[in-house]
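Here's the structure we're looking at; comments come further down.
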Amino acid sequence: MNRWSRTVRVVVASIALAGGPATAGVAQADPAAYVPARGVESTYFQPGPAAVTERLGFGCCDSTGAKFDVWYPADLGDTRHPIVVWGDGTSAVPGQYAYLLRHLASWGFVVIGTENQNTGSGADIRKSLDYLLAQDGDPASVFYGKLDKAAVGAMGHSQGASGVLNALRDAGGAIKTAVPLELPAQHFCSTPSSCADTRSLTTGSVFLVNGSADALISPSQQLLPWQAEGLQSNQAYYEATPANVPKAWGTLNGPNHNDVQGQPDCAAASVPCTTGVYGYLGYPTAWLMAQLRGDAAASAAFRPGGEFSTSSPNWSNQVSAVAG
């Protein structure tokens with residue numbers, strides 16, 4: 001169940017995942033299901049050049065005893081790779097987002113997610129980063145000397161979207177950017193520590209993404225000004241982000257709260273899901289490439305007047321404040 005709410009609950013079947021042998025493969029997007037914009041979105045909508053290794057239950061443990069799952073390029077080579085830490089939605093585990101996480105790894109990112117199903121405070125998202133950075137210094141680890149400690153991003157869904165913003169706030173600059181997907185309105189917070197407040201950010205950058213059909217949990221707009229009723233919409237979170245923090249926001253036309261779990265369509269996703277993960281592949285990957293790998297074309301796409309802000313049948317509410 002991925003709807004972060006004390007009052008609205010959707011009962012779904014739980015998915016149990018156990019640690020197992022490493023597997024390799026490259027995600028394949030279905031071009032018939034989603035037609036990305038020509039340019040940066042089209043480039044990063046497709047899988048990257050790397051075959052991917054997935055290892056569930058790779059290591060242990062966060063503060064609750066939950067294991068860590070990882071996705072990474074099967075051939076790490078002689079270069080250092082940027083890191084993405086993942087935040088689960090309520091009652092979810094990273095394997096439910098495997099298509100998206102494989103996609104990121106195919107573009108060279110080392111992705112880690114705690115199996116903790118309550119990540120809103122961000123503390124155990126940061127714990128997953130601590131664990132992975134320790135692996136970089138362990139001669140017995142596959143990640144020994146392979147990680148770019150200065151290039152760390154955070155991406156999360158629902159409660160985990162709040163978690164990655166809180167992790168960005170509390171990481172002391174160790175996390176450079178956050179990509180919250182379907183960020184819940186503040187009135188869905190279960191505890192004060194798991195609320196997100198973009199006003200508190202002082203470093204890093206933020207790319208907010210929500211689905212147009214997710215009007216209950218992660219609405220695009222709110223009726224009253226956020227100064228009066230709090231941050232209850234993506235527009236409010238965007239506007240409240242300080243001017244010195246590079247930021248962008250876009251709404252995918254059609255997706256609901258759990259489309260990001262698509263594998264790639266909705267067949268294996270929790271409800272509600274309308275189309276699948278397709279729209280969450282291109283621009284979110286491009287944002288991470290821009291912020292963590294210095295991709296010039298991807299950076300240009302998010303500047304005001306760039307590719308991301310142009311009219312699209314797939315997107316609305318495209319705004320950005322990213323320096324040239």
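Each chain in the structure tokens gets a letter, A, B, ..., in the order shown, and its residues are numbered from 1; ligands are numbered from 1 in order too.
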(request) Can you list, as a ChimeraX atom specification, all residues belonging to range 247-313 of chain A that DSSP tags as strand (DSSP E)? (result) /A:247-252
Keeping N, CA and C atoms for every residue in the selection just given, could you write it to a file as an mmCIF file, in the first residue's frame?
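New file again-v2.cif:
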data_model
loop_
_atom_site.group_PDB
_atom_site.id
_atom_site.type_symbol
_atom_site.label_atom_id
_atom_site.label_comp_id
_atom_site.auth_asym_id
_atom_site.auth_seq_id
_atom_site.Cartn_x
_atom_site.Cartn_y
_atom_site.Cartn_z
ATOM 1 N N LYS A 247 15.531 24.524 -8.965
ATOM 2 C CA LYS A 247 14.321 23.732 -8.806
ATOM 3 C C LYS A 247 13.562 23.636 -10.118
ATOM 4 N N ALA A 248 12.769 22.570 -10.214
ATOM 5 C CA ALA A 248 11.872 22.380 -11.348
ATOM 6 C C ALA A 248 10.670 21.586 -10.865
ATOM 7 N N TRP A 249 9.567 21.719 -11.587
ATOM 8 C CA TRP A 249 8.351 20.956 -11.282
ATOM 9 C C TRP A 249 7.617 20.683 -12.581
ATOM 10 N N GLY A 250 7.098 19.469 -12.703
ATOM 11 C CA GLY A 250 6.266 19.122 -13.842
ATOM 12 C C GLY A 250 5.239 18.078 -13.448
ATOM 13 N N THR A 251 4.076 18.126 -14.096
ATOM 14 C CA THR A 251 2.996 17.177 -13.863
ATOM 15 C C THR A 251 2.826 16.288 -15.080
ATOM 16 N N LEU A 252 2.904 14.996 -14.883
ATOM 17 C CA LEU A 252 2.646 14.047 -15.962
ATOM 18 C C LEU A 252 1.143 13.945 -16.195
#
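Omitting Phe207 in chain A and its sequence neighbours fewer than 2 positions away, and counting only C-alpha atoms, the residues within 8 Å are Ala178, Val179, Pro180, Ser205, Val209, Lys247, Ala248, Trp249, Pro284 and Trp287 of chain A.
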Let me see the file: selected residues, N, CA, C and O atoms, as a PDB file, in the first residue's frame.
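As a result, out02.pdb now contains:
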ATOM      1  N   ALA A 178      17.458  16.136  -5.050  1.00  0.00           N
ATOM      2  CA  ALA A 178      16.351  15.246  -4.690  1.00  0.00           C
ATOM      3  C   ALA A 178      15.292  15.293  -5.779  1.00  0.00           C
ATOM      4  O   ALA A 178      15.005  16.362  -6.338  1.00  0.00           O
ATOM      5  N   VAL A 179      14.712  14.116  -6.071  1.00  0.00           N
ATOM      6  CA  VAL A 179      13.628  14.005  -7.054  1.00  0.00           C
ATOM      7  C   VAL A 179      12.438  13.352  -6.356  1.00  0.00           C
ATOM      8  O   VAL A 179      12.319  12.129  -6.302  1.00  0.00           O
ATOM      9  N   PRO A 180      11.535  14.150  -5.771  1.00  0.00           N
ATOM     10  CA  PRO A 180      10.354  13.605  -5.101  1.00  0.00           C
ATOM     11  C   PRO A 180       9.255  13.303  -6.131  1.00  0.00           C
ATOM     12  O   PRO A 180       8.856  14.174  -6.899  1.00  0.00           O
ATOM     13  N   SER A 205      19.428  20.741  -4.959  1.00  0.00           N
ATOM     14  CA  SER A 205      18.453  21.097  -5.981  1.00  0.00           C
ATOM     15  C   SER A 205      17.292  20.112  -5.909  1.00  0.00           C
ATOM     16  O   SER A 205      17.410  19.034  -5.323  1.00  0.00           O
ATOM     17  N   VAL A 209       7.910  15.888  -9.318  1.00  0.00           N
ATOM     18  CA  VAL A 209       7.112  15.267 -10.376  1.00  0.00           C
ATOM     19  C   VAL A 209       5.861  14.671  -9.748  1.00  0.00           C
ATOM     20  O   VAL A 209       5.944  13.915  -8.764  1.00  0.00           O
ATOM     21  N   LYS A 247      15.531  24.524  -8.965  1.00  0.00           N
ATOM     22  CA  LYS A 247      14.321  23.732  -8.806  1.00  0.00           C
ATOM     23  C   LYS A 247      13.562  23.636 -10.118  1.00  0.00           C
ATOM     24  O   LYS A 247      13.674  24.494 -11.001  1.00  0.00           O
ATOM     25  N   ALA A 248      12.769  22.570 -10.214  1.00  0.00           N
ATOM     26  CA  ALA A 248      11.872  22.380 -11.348  1.00  0.00           C
ATOM     27  C   ALA A 248      10.670  21.586 -10.865  1.00  0.00           C
ATOM     28  O   ALA A 248      10.737  20.865  -9.861  1.00  0.00           O
ATOM     29  N   TRP A 249       9.567  21.719 -11.587  1.00  0.00           N
ATOM     30  CA  TRP A 249       8.351  20.956 -11.282  1.00  0.00           C
ATOM     31  C   TRP A 249       7.617  20.683 -12.581  1.00  0.00           C
ATOM     32  O   TRP A 249       7.527  21.546 -13.453  1.00  0.00           O
ATOM     33  N   PRO A 284      13.261  12.605 -15.290  1.00  0.00           N
ATOM     34  CA  PRO A 284      13.946  12.372 -14.008  1.00  0.00           C
ATOM     35  C   PRO A 284      15.373  11.863 -14.171  1.00  0.00           C
ATOM     36  O   PRO A 284      16.280  12.291 -13.444  1.00  0.00           O
ATOM     37  N   TRP A 287      17.467  14.799 -15.284  1.00  0.00           N
ATOM     38  CA  TRP A 287      17.765  15.702 -14.162  1.00  0.00           C
ATOM     39  C   TRP A 287      18.961  15.186 -13.363  1.00  0.00           C
ATOM     40  O   TRP A 287      19.872  15.952 -13.028  1.00  0.00           O
TER      41      TRP A 287
END
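Around Val245 in chain A, within 7 Å and counting only C-alpha atoms, the residues found are A:Thr202, A:Thr203, A:Gly204, A:Ser205, A:Thr241, A:Pro242, once anything fewer than 3 positions away on its own chain is removed.
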(message) Would you compute the distance between CA of Val93 in chain A and CA of Val277 in chain A? Give it in Å to one decimal.
(response) 16.2 Å
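The closest residue to Glu115 in chain A, picked from A:Arg80, A:Arg55, A:His187, A:Lys67 and counting only C-alpha atoms, is A:Lys67.
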(request) Tell me, as a ChimeraX atom specification, which residues lie within 9 Å of Gln117 in chain A, counting only C-alpha atoms; anything in the same chain fewer than 3 positions away does not count. (result) /A:66,87-93,114,160
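Rounded to one decimal, CA of Thr43 in chain A and CA of Asn234 in chain A lie 26.2 Å from each other.
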(message) To test your reading of the structure, identify every residue in range 85-199 of chain A that backbone DSSP assigns to helix (DSSP H, G or I), and report it as a ChimeraX atom specification.
(response) /A:94-106,123-136,159-170,186-188,192-194,198-199
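Between Val35 in chain A and the candidates A:Leu100, A:Ala323, A:Ala290, A:Leu281, the tightest atom-to-atom separation, counting only C-alpha atoms, involves A:Leu281.
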(message) So that I can see what lies close to Pro73 in chain A, please list as a PyMOL selection string the residues with an atom at most 7 Å from it, counting only C-alpha atoms and leaving out residues fewer than 6 positions away in the same chain.
(response) chain A and resi 50-53+105-106+108
(request) Could you check how far CA of Ser270 in chain A sits from CA of Asp214 in chain A, in Å to one decimal? (result) 13.5 Å
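Contact shell of Ser162 in chain A at 9 Å (only C-alpha atoms; same-chain neighbours under 5 positions omitted): Gly87, Thr119, Gly120, Ser121, Gly122, Gly156, His157, Ala167, Pro180, Leu183, Pro184, Ser194, Cys195, Ala196 and Asp197 of chain A.
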Those residues you just picked out, can you put them in a file as an mmCIF file, in the first residue's frame with N, CA, C and O atoms?
data_model
loop_
_atom_site.group_PDB
_atom_site.id
_atom_site.type_symbol
_atom_site.label_atom_id
_atom_site.label_comp_id
_atom_site.auth_asym_id
_atom_site.auth_seq_id
_atom_site.Cartn_x
_atom_site.Cartn_y
_atom_site.Cartn_z
ATOM 1 N N GLY A 87 13.878 6.143 -1.757
ATOM 2 C CA GLY A 87 12.940 6.144 -0.639
ATOM 3 C C GLY A 87 11.627 5.496 -1.022
ATOM 4 O O GLY A 87 10.940 5.945 -1.950
ATOM 5 N N THR A 119 9.844 5.529 5.364
ATOM 6 C CA THR A 119 11.079 6.270 5.136
ATOM 7 C C THR A 119 10.898 7.780 5.211
ATOM 8 O O THR A 119 11.788 8.532 4.815
ATOM 9 N N GLY A 120 9.758 8.251 5.725
ATOM 10 C CA GLY A 120 9.430 9.671 5.637
ATOM 11 C C GLY A 120 10.384 10.600 6.338
ATOM 12 O O GLY A 120 10.575 11.737 5.901
ATOM 13 N N SER A 121 11.000 10.180 7.438
ATOM 14 C CA SER A 121 11.912 11.072 8.149
ATOM 15 C C SER A 121 13.202 11.306 7.378
ATOM 16 O O SER A 121 13.904 12.296 7.613
ATOM 17 N N GLY A 122 13.533 10.394 6.478
ATOM 18 C CA GLY A 122 14.778 10.493 5.724
ATOM 19 C C GLY A 122 15.971 9.890 6.433
ATOM 20 O O GLY A 122 17.037 9.726 5.825
ATOM 21 N N GLY A 156 12.539 9.401 -4.465
ATOM 22 C CA GLY A 156 11.610 8.615 -3.663
ATOM 23 C C GLY A 156 10.176 8.859 -4.064
ATOM 24 O O GLY A 156 9.845 9.848 -4.743
ATOM 25 N N HIS A 157 9.313 7.952 -3.619
ATOM 26 C CA HIS A 157 7.899 7.954 -3.990
ATOM 27 C C HIS A 157 7.027 8.114 -2.754
ATOM 28 O O HIS A 157 7.248 7.445 -1.740
ATOM 29 N N ALA A 167 16.050 13.948 3.785
ATOM 30 C CA ALA A 167 17.434 13.493 3.702
ATOM 31 C C ALA A 167 18.322 14.574 3.094
ATOM 32 O O ALA A 167 19.445 14.809 3.561
ATOM 33 N N PRO A 180 11.535 14.150 -5.771
ATOM 34 C CA PRO A 180 10.354 13.605 -5.101
ATOM 35 C C PRO A 180 9.255 13.303 -6.131
ATOM 36 O O PRO A 180 8.856 14.174 -6.899
ATOM 37 N N LEU A 183 4.788 13.589 -4.243
ATOM 38 C CA LEU A 183 4.997 14.102 -2.888
ATOM 39 C C LEU A 183 3.654 14.394 -2.222
ATOM 40 O O LEU A 183 2.861 15.172 -2.745
ATOM 41 N N PRO A 184 3.380 13.794 -1.055
ATOM 42 C CA PRO A 184 2.069 13.996 -0.423
ATOM 43 C C PRO A 184 1.900 15.397 0.149
ATOM 44 O O PRO A 184 2.860 16.020 0.629
ATOM 45 N N SER A 194 8.066 13.183 9.625
ATOM 46 C CA SER A 194 7.951 12.676 8.258
ATOM 47 C C SER A 194 7.277 13.667 7.320
ATOM 48 O O SER A 194 6.984 13.337 6.182
ATOM 49 N N CYS A 195 7.048 14.883 7.780
ATOM 50 C CA CYS A 195 6.549 15.936 6.906
ATOM 51 C C CYS A 195 7.709 16.533 6.112
ATOM 52 O O CYS A 195 8.818 16.662 6.632
ATOM 53 N N ALA A 196 7.444 16.903 4.899
ATOM 54 C CA ALA A 196 8.435 17.617 4.101
ATOM 55 C C ALA A 196 8.105 19.101 4.115
ATOM 56 O O ALA A 196 6.937 19.496 4.119
ATOM 57 N N ASP A 197 9.137 19.919 4.146
ATOM 58 C CA ASP A 197 8.949 21.365 4.096
ATOM 59 C C ASP A 197 10.094 21.952 3.280
ATOM 60 O O ASP A 197 11.212 22.099 3.769
#
